[in-house]
Amino acid sequence: MAPHRAATAPTVTLDITGMTCGGCAARLQRTLASAEGVSDANVNFALERATVTLRRKMSPAPFIALVEQAGFQARLHDEPGVNARQEREKAEAGQRADERRTVLLLVMAVLLTLPLVVPMVLMPFGIHWMLSPMTQLLLAAPVQVFVGARFYRGAVKALASGGANMDVLVALGTSAAFGYSLYRVFVPGGAGHLYFEASAVILTLVLLGKLLETRAKRSTSAAVRSLAALRPDTANRMVGDDVETVALSEIRLGDRVLVRPGERVPVDGTILSGTSELDEALITGESLPVTRQSGDWVTAGTVNGSGALQVDVGALGEDTTLARIIRLVEGAQASRAPVQKLVDQVSAIFVPVVLVLAALTFAAWWFLAGDFDAALSTAVAVLVIACPCALGLATPTALVAGTGAAARAGILIRDIEALEVAHRLKVVAFDKTGTLTEGRPVVTDVVAFDKDTDRLLSVAASAQLASEHPLAHAMVNAARARNLPLAAPKEFEAVPGQGLVAVIGGHALAIGNEALMDQLKIDRFTADSLRRNFEADGKTSVIVALDGRAVGVIAMADEIRPTARGALEALKAQGIRTAMVTGDTEAVARSVASRIGLDDVRASVRPEGKAEAIASLRQSAGGAVAMVGDGLNDAPALAAADIGIAMGSGADVAMEAAGITLMRSDPLMVAEAIAVSRATFAKIRQNLFWAFAYNVIGIPLAAMGLLSPALAGAAMALSSVSVVTNASLLRRWKPGKR
C-alpha cells in the first residue's frame with residue numbers, strides 16, 4: 001500500500017555546529033524566527049539542529065547565512081543529492097577526531113594543573129608547601145592559552161553577534177583570575193595571594209564536563225543513528241534472469257530486487273516469490289523472526305533469514321516505512337515542551353544577569369568589606385558556577401533519550417504534546433476490529449432463507465470484491481474457499497456505518513445492519529431472530545437483501561487477540577479506565593467486553609459518531625482520553641481524542657492522525673507506550689528541577705564566599721553532566737520494565 005503523505009508547511013532543517021550552551025540555542029532561535037518568511041523556528045541544543053518552518057517554500061541559503069552571521073556553522077540536514085549515510089559517517093568521524101583532540105588537550109591540562117592543586121590538598125593536613133610564583137605561572141599559562149582558546153573563540157563570536165553565552169562567563173572569570181595573578185607576579189613588592197590554580201582548575205574541569213556532556217548527548221541520540229544505519233546503500237536488481245548490484249538511488253518503483261539470505265531488505269515492497277523469516281526487531285520491536293511469503297509486504301531495513309526473496313518495489317527513499325519512522329522520531333526529538341519557552345526566556349537573559357550579579361558581588365566585597373582578594377575570588381566563583389547549559393539540556397536530552405528508547409521498542413511518539421498528554425490519561429478507548437480482535441474475521445454461518453447458501457455467499461462476496469473492509473475480506477475468502485463464481489458488481493456504493501448497496505446481475509443487492517434495512521424499508525423480522533442468536537455468541541452478522549427482500553444472514557467471528565486481556569489489566573494497574581468504541585452491535589460488543597474485562601462499552605457507533613463518543617468519555621471521566629485504532633474509520637476518533645494511538649498494521653491515514661504509533665498490532669504496547677511517556681516526562685521534570693535548583697542555590701552560595709572558584713568550576717561542569725546522564729538513564733527502559 002502506498003504511503004499516505006499529509007500536507008505540511010515547508011521546512012528547512014539545518015545541522016548546527018559551534019553552539020556551547022542553551023543560551024546559544026535560544027539566541028540563534030530568535031535570529032531565525034525573526035527572518036522574513038519564517039512562521040516558526042526551533043533550535044535543539046541536544047541534537048545540534050535547527051528546524052525552520054516557512055510560510056512559503058524558500059531556498060535554505062539565507063538561513064545558512066544567518067546562522068553563520070550569528071557565529072555558528074550550518075549545513076542542510078540530509079541534503080538532496082548527497083549520500084546521507086556517507087555524510088553522517090563523515091560527520092561522526094569529524095566528531096570522533098574532535099573528541100580525540102579534546103582528550104589529548106584534557107590530559108595536558110590535568111598534568112599541568114595537578115601540581116597547582118597539590119598544595120591545596122596538603123593544606124588540611126598541616127603541610128604548607130607552595131610552588132614559586134614563576135613556577136605557577138609556567139604551569140598555568142599553557143592551560144590558559146590552549147584550553148582557554150576554545151572559550152575565547154566562543155566568547156568573541158557570541159559578543160560579535162550581539163549575544164553572550166557560557167563561553168563569555170568562563171573566559172571572563174578565568175581571565176580575571178589569571179590576569180590578576182599575572183599582575184601580582186610582576187608587580188614590585190611581591191606576589192601575594194595568587195589564583196593560577198583557580199583559573200587552571202576551572203578550565204580543566206569545564207573541559208572535562210564538555211567532553212562527558214558530548215559523549216552523553218551522543219548516547220541519548222543513538223536510536224536515530226541505529227535506524228538510519230539499517231538502510232542499505234545497494235540493491236540486487238533483477239533484469240530478466242540476470243542480477244546486477246546497483247546503488248539504491250538507481251532503483252525505481254516496479255523494479256524487481258533479489259534479497260539473498262542474511263541481507264537487509266533495501267526497499268518496501270511485495271514478495272513476488274520465496275518464503276523466509278525476517279528479523280523485524282529494530283522496526284517493530286518484535287524479538288522473534290516473522291515468516292513472510294509470496295504476497296506479503298516487506299519493509300526496508302529488516303534482515304532476511306534463510307530464504308531468497310524476489311520483491312516488487314513498492315516504496316523508495318522518503319516513502320519507505322523506515323524513512324517515515326526516522327522522520328517521526330526526529331520530529332519528536334526536535335519538538336519543544338511548553339515549559340521550554342520559559343527556559344528559552346531565562347537562557348536569553350541568563351548571562352547578562354550573571355555578569356551584573358558578579359559585578360555587584362565584586363563591588364560589595366571590595367567596597368563594603370575592603371577585601372580585594374575576597375572580592376575577586378567571589379566574583380570569579382559567581383561567573384563560573386552559573387550554568388545556562390544545564391537549563392538548555394534539561395528538556396531536549398530527556399526527550400531524545402525517551403523517544404529513542406520507545407522507538408527501539410516499536411513505539412513511535414510524534415511530539416512532546418503526546419508525551420505531555422499520555423502521563424495524565426484517565427481513559428483509553430479501543431476500537432474493536434483489528435485492535436482488540438485479530439482483524440481477520442472468518443465466516444462461520446451462512447443462512448439462506450431459500451436454502452441455497454452457495455448462491456447467497458457468491459452474490460454477497462461478488463459485491464465486495466473491491467472492498468478493503470475486514471468483513472468483506474471474510475466473505476470473499478469464504479466464497480473462494482468453496483470455489484464459488486464471483487463477478488464484479490455493475491454499481492457499488494458504500495454506506496458508512498451501515499453496509500453497502502450494489503447491482504449484481506441486474507438485481508438490487510443490499511448488505512448491512514438493521515439501520516440500512518430500515519432505510520431501504522426492508523422487512524427484517526426473520527433475520528433479526530437469527531442475528532440475536534449469533535450476537536449472543538459474540539459473532540458479527542449482516543443481513544443480505546435482494547430486490548427489496550431479505551434473503552439471508554451471514555455471520556462472522558473475529559478472534560480476540562491473546563494479549564487483549566493482559567493489556568487492559570496493565571492499563572488498570574496504571575490507574576486508567578478502559579472503554580470500547582465500536583460500530584458493532586451492542587450484543588457483540590458486550591460479549592467481547594465481558595471476556596476481556598472492559599470498563600465501558602459504546603456500541604453501534606458510526607464513524608462520524610466516534611468523535612462524539614470520545615467527547616462523552618472525556619466528560620464522564622473528567623480528564624484526558626486516548627483512542628486506539630487501526631482503520632480508516634478510526635481517523636476521526638484518533639484526531640478527536642486528546643491523544644490518538646494507531647496500530648502499525650493499520651491504515652496510513654490512521655497513523656497520520658495519531659500522536660503515538662505502535663509498530664506491532666499488540667494491545668499490550670498501549671500500556672508500554674504510556675509507561676515510556678510517563679518515564680520520559682518524569683525525567684524532563686527532574687532535569688528542569690535540578691537545573692533551576694542548581695543555579696538558584698549555587699549562585700548565592702558563590703556570592704557569599706562559601707565556594708572557591710575551583711569548586712564552583714567543578715560544580716558547573718558537574719551540573720551539565722548530571723542532567724545529561726540522568727536523561728541517558730532512559731536508554732535502559734525496556735517494555736515490561738515499569
# chains A, B, ... in the order shown; residues from 1 in each chain; ligands from 1

call {"tool": "residues_around", "arguments": {"residues": "Ala46 of chain A", "least_positions_apart": "2", "cutoff": "6 Å", "atoms": "only C-alpha atoms", "output": "number ranges by chain"}}
result
A: 44, 48, 396-397

call {"tool": "write_last_selection", "arguments": {"atoms": "N, CA, C and O atoms", "output": "PDB file, in the first residue's frame"}}
result
ATOM      1  N   ASN A  44      17.376  22.984  18.537  1.00  0.00           N
ATOM      2  CA  ASN A  44      17.540  21.948  19.552  1.00  0.00           C
ATOM      3  C   ASN A  44      19.019  21.819  19.881  1.00  0.00           C
ATOM      4  O   ASN A  44      19.815  21.376  19.046  1.00  0.00           O
ATOM      5  N   GLU A  48      21.759  19.528  18.189  1.00  0.00           N
ATOM      6  CA  GLU A  48      22.510  20.478  17.369  1.00  0.00           C
ATOM      7  C   GLU A  48      21.840  20.622  16.000  1.00  0.00           C
ATOM      8  O   GLU A  48      22.454  20.452  14.951  1.00  0.00           O
ATOM      9  N   PRO A 396      15.535  18.757  26.100  1.00  0.00           N
ATOM     10  CA  PRO A 396      15.821  18.010  24.867  1.00  0.00           C
ATOM     11  C   PRO A 396      16.541  16.690  25.080  1.00  0.00           C
ATOM     12  O   PRO A 396      16.269  15.727  24.371  1.00  0.00           O
ATOM     13  N   THR A 397      17.454  16.612  26.057  1.00  0.00           N
ATOM     14  CA  THR A 397      18.166  15.339  26.246  1.00  0.00           C
ATOM     15  C   THR A 397      17.222  14.251  26.746  1.00  0.00           C
ATOM     16  O   THR A 397      17.309  13.097  26.310  1.00  0.00           O
TER      17      THR A 397
END

call {"tool": "residues_around", "arguments": {"residues": "segment 524-527 of chain A", "least_positions_apart": "5", "cutoff": "8 Å", "atoms": "only C-alpha atoms", "output": "PDB file with N, CA, C and O atoms, in the first residue's frame"}}
result
ATOM      1  N   GLU A 514     -29.282  -3.422  10.618  1.00  0.00           N
ATOM      2  CA  GLU A 514     -30.702  -3.087  10.655  1.00  0.00           C
ATOM      3  C   GLU A 514     -30.963  -1.651  10.210  1.00  0.00           C
ATOM      4  O   GLU A 514     -32.011  -1.339   9.630  1.00  0.00           O
ATOM      5  N   MET A 517     -31.295  -1.658   6.510  1.00  0.00           N
ATOM      6  CA  MET A 517     -32.551  -2.286   6.099  1.00  0.00           C
ATOM      7  C   MET A 517     -33.738  -1.350   6.357  1.00  0.00           C
ATOM      8  O   MET A 517     -34.658  -1.246   5.543  1.00  0.00           O
ATOM      9  N   ILE A 543     -27.283  -8.711   7.291  1.00  0.00           N
ATOM     10  CA  ILE A 543     -28.463  -9.145   6.544  1.00  0.00           C
ATOM     11  C   ILE A 543     -28.195  -8.929   5.062  1.00  0.00           C
ATOM     12  O   ILE A 543     -27.641  -7.898   4.669  1.00  0.00           O
ATOM     13  N   ALA A 550     -35.351  -9.436   2.276  1.00  0.00           N
ATOM     14  CA  ALA A 550     -34.280 -10.130   2.997  1.00  0.00           C
ATOM     15  C   ALA A 550     -34.234 -11.583   2.557  1.00  0.00           C
ATOM     16  O   ALA A 550     -35.261 -12.276   2.561  1.00  0.00           O
ATOM     17  N   GLY A 552     -31.326 -13.683   3.539  1.00  0.00           N
ATOM     18  CA  GLY A 552     -30.458 -14.490   4.378  1.00  0.00           C
ATOM     19  C   GLY A 552     -29.616 -13.663   5.327  1.00  0.00           C
ATOM     20  O   GLY A 552     -29.648 -12.425   5.311  1.00  0.00           O
ATOM     21  N   VAL A 553     -28.853 -14.372   6.143  1.00  0.00           N
ATOM     22  CA  VAL A 553     -27.964 -13.760   7.134  1.00  0.00           C
ATOM     23  C   VAL A 553     -26.609 -14.463   7.060  1.00  0.00           C
ATOM     24  O   VAL A 553     -26.551 -15.700   6.975  1.00  0.00           O
TER      25      VAL A 553
END

call {"tool": "residues_around", "arguments": {"residues": "Val592 of chain A", "least_positions_apart": "2", "cutoff": "10 Å", "atoms": "only C-alpha atoms", "output": "mmCIF file with N, CA and C atoms, in the first residue's frame"}}
result
data_model
loop_
_atom_site.group_PDB
_atom_site.id
_atom_site.type_symbol
_atom_site.label_atom_id
_atom_site.label_comp_id
_atom_site.auth_asym_id
_atom_site.auth_seq_id
_atom_site.Cartn_x
_atom_site.Cartn_y
_atom_site.Cartn_z
ATOM 1 N N LYS A 432 -12.730 -2.032 18.231
ATOM 2 C CA LYS A 432 -12.770 -3.492 18.410
ATOM 3 C C LYS A 432 -12.025 -4.221 17.299
ATOM 4 N N LEU A 436 -8.611 -4.840 19.381
ATOM 5 C CA LEU A 436 -8.766 -5.845 20.440
ATOM 6 C C LEU A 436 -8.936 -7.244 19.849
ATOM 7 N N THR A 437 -9.401 -7.293 18.601
ATOM 8 C CA THR A 437 -9.520 -8.585 17.913
ATOM 9 C C THR A 437 -8.461 -8.662 16.823
ATOM 10 N N ASP A 537 -23.540 -15.131 20.831
ATOM 11 C CA ASP A 537 -22.292 -15.912 20.813
ATOM 12 C C ASP A 537 -21.086 -15.044 20.470
ATOM 13 N N GLY A 538 -21.270 -13.722 20.364
ATOM 14 C CA GLY A 538 -20.162 -12.824 20.060
ATOM 15 C C GLY A 538 -19.824 -12.749 18.590
ATOM 16 N N LYS A 539 -20.739 -13.186 17.722
ATOM 17 C CA LYS A 539 -20.494 -13.152 16.285
ATOM 18 C C LYS A 539 -21.121 -11.901 15.671
ATOM 19 N N ASP A 558 -14.534 -12.948 14.870
ATOM 20 C CA ASP A 558 -13.184 -12.381 14.860
ATOM 21 C C ASP A 558 -12.537 -12.722 16.199
ATOM 22 N N GLU A 559 -11.451 -13.486 16.154
ATOM 23 C CA GLU A 559 -10.812 -13.942 17.388
ATOM 24 C C GLU A 559 -10.260 -12.766 18.190
ATOM 25 N N ILE A 560 -10.455 -12.807 19.498
ATOM 26 C CA ILE A 560 -9.868 -11.797 20.390
ATOM 27 C C ILE A 560 -8.364 -12.018 20.465
ATOM 28 N N MET A 580 -14.513 0.622 25.032
ATOM 29 C CA MET A 580 -14.512 0.198 23.639
ATOM 30 C C MET A 580 -15.524 1.035 22.879
ATOM 31 N N ALA A 587 -24.887 -6.310 21.381
ATOM 32 C CA ALA A 587 -24.741 -7.688 21.870
ATOM 33 C C ALA A 587 -23.330 -8.212 21.639
ATOM 34 N N VAL A 588 -22.791 -8.000 20.422
ATOM 35 C CA VAL A 588 -21.431 -8.464 20.120
ATOM 36 C C VAL A 588 -20.418 -7.721 20.985
ATOM 37 N N ALA A 589 -20.579 -6.410 21.096
ATOM 38 C CA ALA A 589 -19.647 -5.609 21.883
ATOM 39 C C ALA A 589 -19.648 -6.037 23.348
ATOM 40 N N ARG A 590 -20.827 -6.271 23.910
ATOM 41 C CA ARG A 590 -20.921 -6.708 25.306
ATOM 42 C C ARG A 590 -20.293 -8.083 25.500
ATOM 43 N N SER A 594 -17.158 -8.580 28.065
ATOM 44 C CA SER A 594 -17.240 -9.454 29.242
ATOM 45 C C SER A 594 -16.087 -10.442 29.289
ATOM 46 N N ARG A 595 -15.579 -10.818 28.119
ATOM 47 C CA ARG A 595 -14.492 -11.807 28.084
ATOM 48 C C ARG A 595 -13.133 -11.198 28.399
ATOM 49 N N ILE A 596 -12.947 -9.892 28.155
ATOM 50 C CA ILE A 596 -11.618 -9.302 28.378
ATOM 51 C C ILE A 596 -11.595 -8.267 29.496
ATOM 52 N N GLY A 597 -12.755 -7.921 30.057
ATOM 53 C CA GLY A 597 -12.772 -7.063 31.235
ATOM 54 C C GLY A 597 -12.751 -5.579 30.971
ATOM 55 N N LEU A 598 -13.480 -5.114 29.948
ATOM 56 C CA LEU A 598 -13.576 -3.680 29.676
ATOM 57 C C LEU A 598 -14.470 -2.988 30.699
ATOM 58 N N VAL A 601 -18.519 0.352 27.405
ATOM 59 C CA VAL A 601 -18.752 -0.055 26.020
ATOM 60 C C VAL A 601 -19.649 0.966 25.344
#

call {"tool": "residues_around", "arguments": {"residues": "Gly307 of chain A", "least_positions_apart": "6", "cutoff": "12 Å", "atoms": "only C-alpha atoms", "output": "list in words"}}
result
Leu258, Val259, Arg260, Pro261, Gly262, Glu263, Ile271, Ser273, Gly274, Thr275, Ser276, Glu277, Leu278, Thr291, Arg292, Gln293 and Ser294 of chain A

call {"tool": "select_by_dssp", "arguments": {"residues": "segment 222-325 of chain A", "states": "strand (DSSP E)", "output": "CSV table (one decimal) with N, CA and C atoms, in the first residue's frame"}}
result
chain,number,residue,atom,x,y,z
A,234,THR,N,23.0,-0.4,-1.4
A,234,THR,CA,22.9,-1.1,-2.7
A,234,THR,C,21.7,-2.0,-2.7
A,235,ALA,N,21.3,-2.5,-3.9
A,235,ALA,CA,20.3,-3.5,-4.0
A,235,ALA,C,20.6,-4.3,-5.2
A,236,ASN,N,20.1,-5.6,-5.2
A,236,ASN,CA,20.3,-6.5,-6.3
A,236,ASN,C,19.1,-6.4,-7.2
A,237,ARG,N,19.2,-5.7,-8.3
A,237,ARG,CA,18.1,-5.5,-9.3
A,237,ARG,C,18.1,-6.7,-10.3
A,238,MET,N,16.9,-7.2,-10.5
A,238,MET,CA,16.8,-8.3,-11.4
A,238,MET,C,16.3,-7.8,-12.8
A,239,VAL,N,17.1,-8.1,-13.8
A,239,VAL,CA,16.8,-7.8,-15.2
A,239,VAL,C,16.7,-9.1,-16.0
A,242,ASP,N,19.0,-12.1,-15.1
A,242,ASP,CA,20.2,-11.6,-14.6
A,242,ASP,C,20.0,-10.8,-13.3
A,243,VAL,N,21.1,-10.7,-12.5
A,243,VAL,CA,21.0,-9.9,-11.3
A,243,VAL,C,22.2,-9.0,-11.3
A,244,GLU,N,21.9,-7.7,-11.1
A,244,GLU,CA,23.0,-6.7,-11.0
A,244,GLU,C,22.9,-5.9,-9.7
A,245,THR,N,24.1,-5.7,-9.1
A,245,THR,CA,24.1,-4.9,-7.9
A,245,THR,C,24.3,-3.5,-8.2
A,246,VAL,N,23.3,-2.6,-7.8
A,246,VAL,CA,23.4,-1.2,-8.2
A,246,VAL,C,23.2,-0.4,-6.9
A,247,ALA,N,23.5,0.9,-7.0
A,247,ALA,CA,23.2,1.8,-5.9
A,247,ALA,C,21.7,2.0,-5.7
A,256,ARG,N,12.2,-5.2,-9.9
A,256,ARG,CA,12.3,-6.4,-9.1
A,256,ARG,C,13.7,-6.5,-8.4
A,257,VAL,N,13.7,-6.7,-7.1
A,257,VAL,CA,15.0,-6.9,-6.4
A,257,VAL,C,15.1,-8.2,-5.8
A,258,LEU,N,16.3,-8.8,-5.7
A,258,LEU,CA,16.5,-10.0,-5.1
A,258,LEU,C,17.2,-9.8,-3.7
A,259,VAL,N,16.6,-10.4,-2.7
A,259,VAL,CA,17.1,-10.3,-1.3
A,259,VAL,C,17.6,-11.6,-1.0
A,268,ASP,N,10.8,-1.1,0.4
A,268,ASP,CA,9.5,-1.6,0.8
A,268,ASP,C,8.8,-2.2,-0.5
A,269,GLY,N,8.2,-3.3,-0.3
A,269,GLY,CA,7.5,-3.9,-1.5
A,269,GLY,C,6.8,-5.2,-1.2
A,270,THR,N,6.3,-5.8,-2.2
A,270,THR,CA,5.5,-7.1,-2.1
A,270,THR,C,6.4,-8.2,-2.6
A,271,ILE,N,6.4,-9.3,-1.8
A,271,ILE,CA,7.1,-10.5,-2.2
A,271,ILE,C,6.5,-11.2,-3.4
A,272,LEU,N,7.2,-11.3,-4.5
A,272,LEU,CA,6.7,-12.0,-5.7
A,272,LEU,C,6.9,-13.5,-5.6
A,273,SER,N,8.0,-13.9,-5.0
A,273,SER,CA,8.3,-15.3,-4.9
A,273,SER,C,9.2,-15.5,-3.7
A,276,SER,N,10.5,-16.8,3.6
A,276,SER,CA,11.7,-16.7,4.5
A,276,SER,C,11.2,-16.1,5.9
A,277,GLU,N,12.0,-16.1,6.9
A,277,GLU,CA,11.8,-15.5,8.1
A,277,GLU,C,12.6,-14.2,8.2
A,278,LEU,N,11.9,-13.1,8.5
A,278,LEU,CA,12.5,-11.8,8.6
A,278,LEU,C,12.7,-11.3,10.0
A,279,ASP,N,13.9,-10.8,10.3
A,279,ASP,CA,14.1,-10.2,11.6
A,279,ASP,C,13.7,-8.7,11.5
A,290,VAL,N,9.7,-13.1,11.9
A,290,VAL,CA,8.4,-13.3,11.3
A,290,VAL,C,8.4,-13.9,10.0
A,291,THR,N,7.6,-14.9,9.7
A,291,THR,CA,7.5,-15.6,8.4
A,291,THR,C,6.8,-14.7,7.4
A,292,ARG,N,7.5,-14.5,6.3
A,292,ARG,CA,6.9,-13.8,5.2
A,292,ARG,C,7.0,-14.6,3.9
A,297,TRP,N,3.9,-8.0,2.4
A,297,TRP,CA,4.6,-6.7,2.3
A,297,TRP,C,5.8,-6.8,3.2
A,298,VAL,N,7.0,-6.4,2.7
A,298,VAL,CA,8.2,-6.4,3.5
A,298,VAL,C,8.7,-4.9,3.6
A,303,VAL,N,16.0,-7.8,8.2
A,303,VAL,CA,17.0,-8.7,7.9
A,303,VAL,C,16.4,-10.0,7.4
A,304,ASN,N,16.8,-10.4,6.2
A,304,ASN,CA,16.2,-11.7,5.6
A,304,ASN,C,16.9,-12.9,6.3
A,309,LEU,N,14.4,-14.1,-1.5
A,309,LEU,CA,13.1,-13.4,-1.8
A,309,LEU,C,13.2,-12.5,-3.1
A,310,GLN,N,12.2,-12.6,-4.0
A,310,GLN,CA,12.1,-11.6,-5.0
A,310,GLN,C,11.0,-10.6,-4.7
A,311,VAL,N,11.3,-9.3,-4.7
A,311,VAL,CA,10.4,-8.3,-4.2
A,311,VAL,C,10.1,-7.3,-5.3
A,312,ASP,N,8.8,-7.0,-5.4
A,312,ASP,CA,8.4,-5.9,-6.3
A,312,ASP,C,8.5,-4.6,-5.6
A,313,VAL,N,9.2,-3.6,-6.1
A,313,VAL,CA,9.5,-2.4,-5.3
A,313,VAL,C,8.2,-1.6,-5.3
A,314,GLY,N,7.7,-1.3,-4.0
A,314,GLY,CA,6.5,-0.5,-3.9
A,314,GLY,C,6.7,0.8,-3.2
A,315,ALA,N,7.9,1.1,-2.6
A,315,ALA,CA,8.1,2.4,-2.0
A,315,ALA,C,9.7,2.5,-1.9

call {"tool": "residues_around", "arguments": {"residues": "segment 94-102 of chain A", "least_positions_apart": "6", "cutoff": "12 Å", "atoms": "only C-alpha atoms", "output": "list in words"}}
result
Thr17, Glu87, Arg88, Met108, Ala109, Phe146, Val147, Arg150, Thr204, Val206, Leu207, Leu208, Gly209, Lys210, Leu211, Leu212, Glu213, Thr214, Arg215 and Arg218 of chain A

call {"tool": "write_last_selection", "arguments": {"atoms": "N, CA and C atoms", "output": "mmCIF file, in the first residue's frame"}}
result
data_model
loop_
_atom_site.group_PDB
_atom_site.id
_atom_site.type_symbol
_atom_site.label_atom_id
_atom_site.label_comp_id
_atom_site.auth_asym_id
_atom_site.auth_seq_id
_atom_site.Cartn_x
_atom_site.Cartn_y
_atom_site.Cartn_z
ATOM 1 N N THR A 17 26.737 23.512 14.100
ATOM 2 C CA THR A 17 27.919 23.264 14.927
ATOM 3 C C THR A 17 28.391 24.595 15.506
ATOM 4 N N GLU A 87 27.440 11.159 4.583
ATOM 5 C CA GLU A 87 27.520 12.431 5.295
ATOM 6 C C GLU A 87 27.508 12.221 6.805
ATOM 7 N N ARG A 88 26.619 11.288 7.261
ATOM 8 C CA ARG A 88 26.565 11.007 8.707
ATOM 9 C C ARG A 88 27.885 10.404 9.183
ATOM 10 N N MET A 108 46.814 16.956 28.852
ATOM 11 C CA MET A 108 47.809 18.011 29.067
ATOM 12 C C MET A 108 47.388 18.936 30.203
ATOM 13 N N ALA A 109 46.134 19.335 30.207
ATOM 14 C CA ALA A 109 45.641 20.254 31.232
ATOM 15 C C ALA A 109 45.712 19.625 32.618
ATOM 16 N N PHE A 146 45.957 27.325 25.717
ATOM 17 C CA PHE A 146 45.498 26.265 24.812
ATOM 18 C C PHE A 146 44.084 25.777 25.144
ATOM 19 N N VAL A 147 43.800 25.567 26.426
ATOM 20 C CA VAL A 147 42.445 25.143 26.794
ATOM 21 C C VAL A 147 41.490 26.329 26.706
ATOM 22 N N ARG A 150 39.455 27.772 23.138
ATOM 23 C CA ARG A 150 38.120 27.449 22.613
ATOM 24 C C ARG A 150 37.041 28.313 23.272
ATOM 25 N N THR A 204 40.167 23.242 33.258
ATOM 26 C CA THR A 204 40.309 21.786 33.139
ATOM 27 C C THR A 204 38.991 21.078 33.434
ATOM 28 N N VAL A 206 35.897 22.372 33.364
ATOM 29 C CA VAL A 206 34.871 22.704 32.370
ATOM 30 C C VAL A 206 35.112 21.914 31.081
ATOM 31 N N LEU A 207 36.387 21.771 30.702
ATOM 32 C CA LEU A 207 36.712 20.968 29.515
ATOM 33 C C LEU A 207 36.308 19.509 29.727
ATOM 34 N N LEU A 208 36.580 18.973 30.923
ATOM 35 C CA LEU A 208 36.162 17.598 31.242
ATOM 36 C C LEU A 208 34.643 17.483 31.169
ATOM 37 N N GLY A 209 33.957 18.469 31.725
ATOM 38 C CA GLY A 209 32.493 18.442 31.685
ATOM 39 C C GLY A 209 31.964 18.459 30.266
ATOM 40 N N LYS A 210 32.581 19.269 29.388
ATOM 41 C CA LYS A 210 32.152 19.331 27.995
ATOM 42 C C LYS A 210 32.372 18.001 27.278
ATOM 43 N N LEU A 211 33.493 17.349 27.586
ATOM 44 C CA LEU A 211 33.779 16.052 26.974
ATOM 45 C C LEU A 211 32.740 15.009 27.394
ATOM 46 N N LEU A 212 32.475 14.941 28.702
ATOM 47 C CA LEU A 212 31.479 13.982 29.200
ATOM 48 C C LEU A 212 30.087 14.310 28.665
ATOM 49 N N GLU A 213 29.779 15.602 28.586
ATOM 50 C CA GLU A 213 28.477 16.038 28.084
ATOM 51 C C GLU A 213 28.293 15.621 26.622
ATOM 52 N N THR A 214 29.345 15.785 25.817
ATOM 53 C CA THR A 214 29.270 15.411 24.403
ATOM 54 C C THR A 214 29.028 13.919 24.246
ATOM 55 N N ARG A 215 29.742 13.125 25.039
ATOM 56 C CA ARG A 215 29.561 11.671 24.954
ATOM 57 C C ARG A 215 28.165 11.263 25.402
ATOM 58 N N ARG A 218 25.597 12.150 22.748
ATOM 59 C CA ARG A 218 25.637 11.220 21.611
ATOM 60 C C ARG A 218 24.937 9.910 21.954
#

call {"tool": "residues_around", "arguments": {"residues": "Gln519 of chain A", "least_positions_apart": "2", "cutoff": "12 Å", "atoms": "only C-alpha atoms", "output": "PyMOL selection string"}}
result
chain A and resi 495+498-501+510+512-517+521-524+548

call {"tool": "closest_residue", "arguments": {"among": "A:Thr20, A:Ser677, A:Gln574, A:Ser59", "to": "Phe151 of chain A", "atoms": "only C-alpha atoms"}}
result
A:Thr20

call {"tool": "residues_around", "arguments": {"residues": "Arg480 of chain A", "least_positions_apart": "5", "cutoff": "9 Å", "atoms": "only C-alpha atoms", "output": "list in words"}}
result
Ser458, Ala461, Met475, Pro485 and Leu486 of chain A

call {"tool": "write_last_selection", "arguments": {"atoms": "all heavy atoms", "output": "mmCIF file, in the first residue's frame"}}
result
data_model
loop_
_atom_site.group_PDB
_atom_site.id
_atom_site.type_symbol
_atom_site.label_atom_id
_atom_site.label_comp_id
_atom_site.auth_asym_id
_atom_site.auth_seq_id
_atom_site.Cartn_x
_atom_site.Cartn_y
_atom_site.Cartn_z
ATOM 1 N N SER A 458 -22.083 -16.356 -2.769
ATOM 2 C CA SER A 458 -21.481 -15.906 -4.022
ATOM 3 C C SER A 458 -21.899 -14.480 -4.348
ATOM 4 O O SER A 458 -21.064 -13.635 -4.715
ATOM 5 C CB SER A 458 -21.878 -16.849 -5.160
ATOM 6 O OG SER A 458 -21.386 -16.372 -6.393
ATOM 7 N N ALA A 461 -20.305 -12.009 -1.738
ATOM 8 C CA ALA A 461 -18.862 -11.833 -1.936
ATOM 9 C C ALA A 461 -18.572 -11.052 -3.210
ATOM 10 O O ALA A 461 -17.667 -10.204 -3.244
ATOM 11 C CB ALA A 461 -18.169 -13.185 -1.975
ATOM 12 N N MET A 475 -15.931 -12.629 3.652
ATOM 13 C CA MET A 475 -16.909 -13.227 2.736
ATOM 14 C C MET A 475 -16.262 -13.649 1.418
ATOM 15 O O MET A 475 -16.568 -14.710 0.876
ATOM 16 C CB MET A 475 -18.066 -12.251 2.506
ATOM 17 C CG MET A 475 -19.019 -12.168 3.691
ATOM 18 S SD MET A 475 -20.427 -11.064 3.413
ATOM 19 C CE MET A 475 -19.898 -9.632 4.320
ATOM 20 N N PRO A 485 -18.380 -19.004 -8.020
ATOM 21 C CA PRO A 485 -18.143 -17.987 -9.053
ATOM 22 C C PRO A 485 -18.341 -16.585 -8.479
ATOM 23 O O PRO A 485 -19.269 -16.334 -7.721
ATOM 24 C CB PRO A 485 -19.192 -18.306 -10.115
ATOM 25 C CG PRO A 485 -20.283 -18.990 -9.373
ATOM 26 C CD PRO A 485 -19.621 -19.780 -8.283
ATOM 27 N N LEU A 486 -17.429 -15.670 -8.863
ATOM 28 C CA LEU A 486 -17.509 -14.287 -8.400
ATOM 29 C C LEU A 486 -17.490 -13.349 -9.601
ATOM 30 O O LEU A 486 -16.726 -13.553 -10.550
ATOM 31 C CB LEU A 486 -16.336 -13.951 -7.467
ATOM 32 C CG LEU A 486 -16.215 -14.771 -6.180
ATOM 33 C CD1 LEU A 486 -14.961 -14.376 -5.413
ATOM 34 C CD2 LEU A 486 -17.440 -14.588 -5.303
#

call {"tool": "closest_residue", "arguments": {"among": "A:Ala394, A:Val542, A:Ile202, A:Leu571", "to": "Asp445 of chain A", "atoms": "only C-alpha atoms"}}
result
A:Val542

call {"tool": "closest_residue", "arguments": {"among": "A:Ala364, A:Leu182, A:Ser728, A:Ile385", "to": "Ser708 of chain A", "atoms": "only C-alpha atoms"}}
result
A:Ile385

call {"tool": "closest_residue", "arguments": {"among": "A:Ala35, A:Arg531, A:Ala463, A:Val187", "to": "His507 of chain A", "atoms": "only C-alpha atoms"}}
result
A:Ala463
